[in-house]
Structure formats: structure tokens, C-alpha cells
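What follows is a set of notes on a single structure, which appears directly below.
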Amino acid sequence: SAQSSDTEVASNFLRNLATVPMAVVPVNPPRQVRMQMESFDESQVIICEGCFCNYEGCLCGPHIGCAEKDTCCCIELDCCCKTGSPCLRFGCCDLRVVETSALCKVQAQTCCCVRGCSIPPDHTVPPIIGCYFITCFPKLGVCMKLAELRSMRLN
């Protein structure tokens, strides 16, 4: 049946992934192969909307290119297509095994648009509720910066 073949494919994938030498997929890769999310100041992101575990925002200034870091369980994928960014292990992408506290996490930037999602929310992707640049939680405000909302603590 189709379901058993899907299960078999998934089992084979995980079995093959387990045989990949750690030298190819290091837990702590060298700094030059890690994607440069620091290529822009995340604290300057102005939140335009948020729905608890995710947010979307924008950055002022010239931001050419795109970058994304996705983590699902212990697998992390980095992609970076920005001018001046270093070449990653697979050209513009990198894949590795990492330690994480989030079940699923995405941080991405495309030109001046920034988005983040984390299940559960954490210090880099805090719980935010708002729309149309009006933030209702964790603090009521207009055009709030991510840094301001990250500093808020839930009581």
C-alpha cells in the first residue's frame, strides 16, 4: 500500500542519515559555514504582525538578498544568498545536526522583510500578538521593535 511504502521510504532515509559520518555533518560547525543571520540587526526589526509563535516585520535601509535558518527537531538548514556572504558547505546552503530546545524554528530575511517562527516561542522568537504594526502582546504599542518585545518577560 502507499502508506507502507511511505513508511519504508522514511525508515530508509533515517537509517541512511544515521550512517552519515559526523565529520560531514558536525554538531558544532566552524563559524565560516554558519549562516550569517547577524548580517542584519534583528533587534531593529519593526513588527508588523504576530500570532503568538510567529512574527513578520520589516527593516529600514538597504538589505539585498535573502537568508533563512530552519530547524526541525535536531536538523538545521541554512540558506544564504546575499552579496558578500561566505560560501556555505553546499554553495548557498548548509545542513547539519544541532542541539535545540525548539521543536520547529524558522528565522528568515528577504530584502527588507523578516519573519520568525518558533514552537515553542523562545528568546529569539518571543510570543507576539498584533497586526498592522500595532502590537497588543506582550506590550501595547505601535511600530514596536523586536528588541523591545524580546526584553519583555511573561509573569
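For the C-alpha cells, the naming scheme is as follows: chains receive sequential letters (A, B, ...) according to their order of presentation, residues are indexed from 1 within each chain, and ligands are indexed from 1 in presentation order.
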**Request:** Would you kindly return, as a list in words, each protein, DNA or RNA residue with an atom no farther than 6 Å from any atom of range 60-65 of chain A, considering only C-alpha atoms and excluding same-chain residues fewer than 3 positions away?
**Result:**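 Near neighbours after the sequence-gap exclusion: Cys81, Lys82, Cys111 and Cys112 of chain A.
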**Request:** Output as a PyMOL selection string all residues of range 31-121 of chain A that backbone DSSP marks as strand (DSSP E).
**Result:** chain A and resi 46-52+54-58+66-72+75-81+93-97+104-110+113-119
**Message:** Could you list, as a ChimeraX atom specification, every residue within 10 Å of Leu149 in chain A, counting only C-alpha atoms and ignoring same-chain residues fewer than 3 positions away?
**Reply:** /A:43,47,123,125-128,135,137-140,144-146,152-153
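Proximity ranking of A:Gly116, A:Gly84, A:Gly130, A:Gly141 relative to Glu49 in chain A places A:Gly130 first, based on only C-alpha atoms.
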**Request:** Work out how far apart CA of Leu88 in chain A and CA of Arg150 in chain A are and give it in Å to one decimal.
**Result:** 29.1 Å
**Request:** Can you pull out every residue within 9 Å of Glu42 in chain A, counting only C-alpha atoms, but drop anything in the same chain fewer than 5 positions away, and send it as a list in words?
**Result:**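 Neighbouring residues, sequence-local ones excluded: Met37, Leu59, Val114, Leu146 and Ala147 of chain A.
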Write out the residues from the selection above, keeping all heavy atoms, as a JSON list (two decimals), in the first residue's frame.
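File produced: selection.json:
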```json
[["chain", "number", "residue", "atom", "x", "y", "z"],
["A", 37, "MET", "N", 23.02, 35.16, 10.10],
["A", 37, "MET", "CA", 21.81, 35.89, 10.45],
["A", 37, "MET", "C", 22.22, 37.24, 11.05],
["A", 37, "MET", "O", 21.45, 38.16, 11.10],
["A", 37, "MET", "CB", 20.95, 35.12, 11.46],
["A", 37, "MET", "CG", 20.22, 33.92, 10.88],
["A", 37, "MET", "SD", 19.16, 34.30, 9.48],
["A", 37, "MET", "CE", 17.74, 35.00, 10.31],
["A", 59, "LEU", "N", 12.63, 45.82, 7.97],
["A", 59, "LEU", "CA", 13.86, 46.54, 8.31],
["A", 59, "LEU", "C", 13.97, 47.76, 7.42],
["A", 59, "LEU", "O", 13.66, 47.70, 6.23],
["A", 59, "LEU", "CB", 15.08, 45.65, 8.04],
["A", 59, "LEU", "CG", 15.40, 44.58, 9.06],
["A", 59, "LEU", "CD1", 16.45, 43.63, 8.51],
["A", 59, "LEU", "CD2", 15.88, 45.20, 10.35],
["A", 114, "VAL", "N", 11.27, 40.44, 7.17],
["A", 114, "VAL", "CA", 11.83, 39.49, 8.13],
["A", 114, "VAL", "C", 10.69, 38.71, 8.75],
["A", 114, "VAL", "O", 9.62, 39.26, 9.00],
["A", 114, "VAL", "CB", 12.62, 40.24, 9.23],
["A", 114, "VAL", "CG1", 13.18, 39.27, 10.24],
["A", 114, "VAL", "CG2", 13.73, 41.07, 8.62],
["A", 146, "LEU", "N", 11.58, 44.57, 17.59],
["A", 146, "LEU", "CA", 11.72, 43.22, 18.15],
["A", 146, "LEU", "C", 12.53, 43.25, 19.45],
["A", 146, "LEU", "O", 12.21, 42.53, 20.39],
["A", 146, "LEU", "CB", 12.39, 42.30, 17.12],
["A", 146, "LEU", "CG", 12.51, 40.84, 17.49],
["A", 146, "LEU", "CD1", 11.16, 40.22, 17.81],
["A", 146, "LEU", "CD2", 13.17, 40.06, 16.36],
["A", 147, "ALA", "N", 13.54, 44.09, 19.53],
["A", 147, "ALA", "CA", 14.37, 44.18, 20.74],
["A", 147, "ALA", "C", 13.53, 44.55, 21.96],
["A", 147, "ALA", "O", 13.72, 44.01, 23.05],
["A", 147, "ALA", "CB", 15.49, 45.19, 20.55]]
```
**Message:** Which residues are near range 75-80 of chain A? Cut-off 10 Å, only C-alpha atoms, ignore same chain within fewer than 3 positions. Put them as a count of residues only.
**Reply:** 39
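When only C-alpha atoms are used to measure the gap to Cys117 in chain A, the shortest distance among A:Cys48, A:Ile134, A:Cys73, A:Ala102 belongs to A:Ala102.
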**Asked** CA of Ile129 in chain A and CA of Tyr55 in chain A are how many Å apart?
**Response**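 About the pair CA of Ile129 in chain A and CA of Tyr55 in chain A: they are 8.2 Å apart.
Take the candidates A:Val142, A:Cys113, A:Glu8, A:Asp122 and check each one against Val45 in chain A using only C-alpha atoms; the shortest distance goes to A:Cys113.
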**Request:** Quote the spacing between CA of Phe52 in chain A and CA of Cys136 in chain A in Å to one decimal place.
**Result:** 10.7 Å
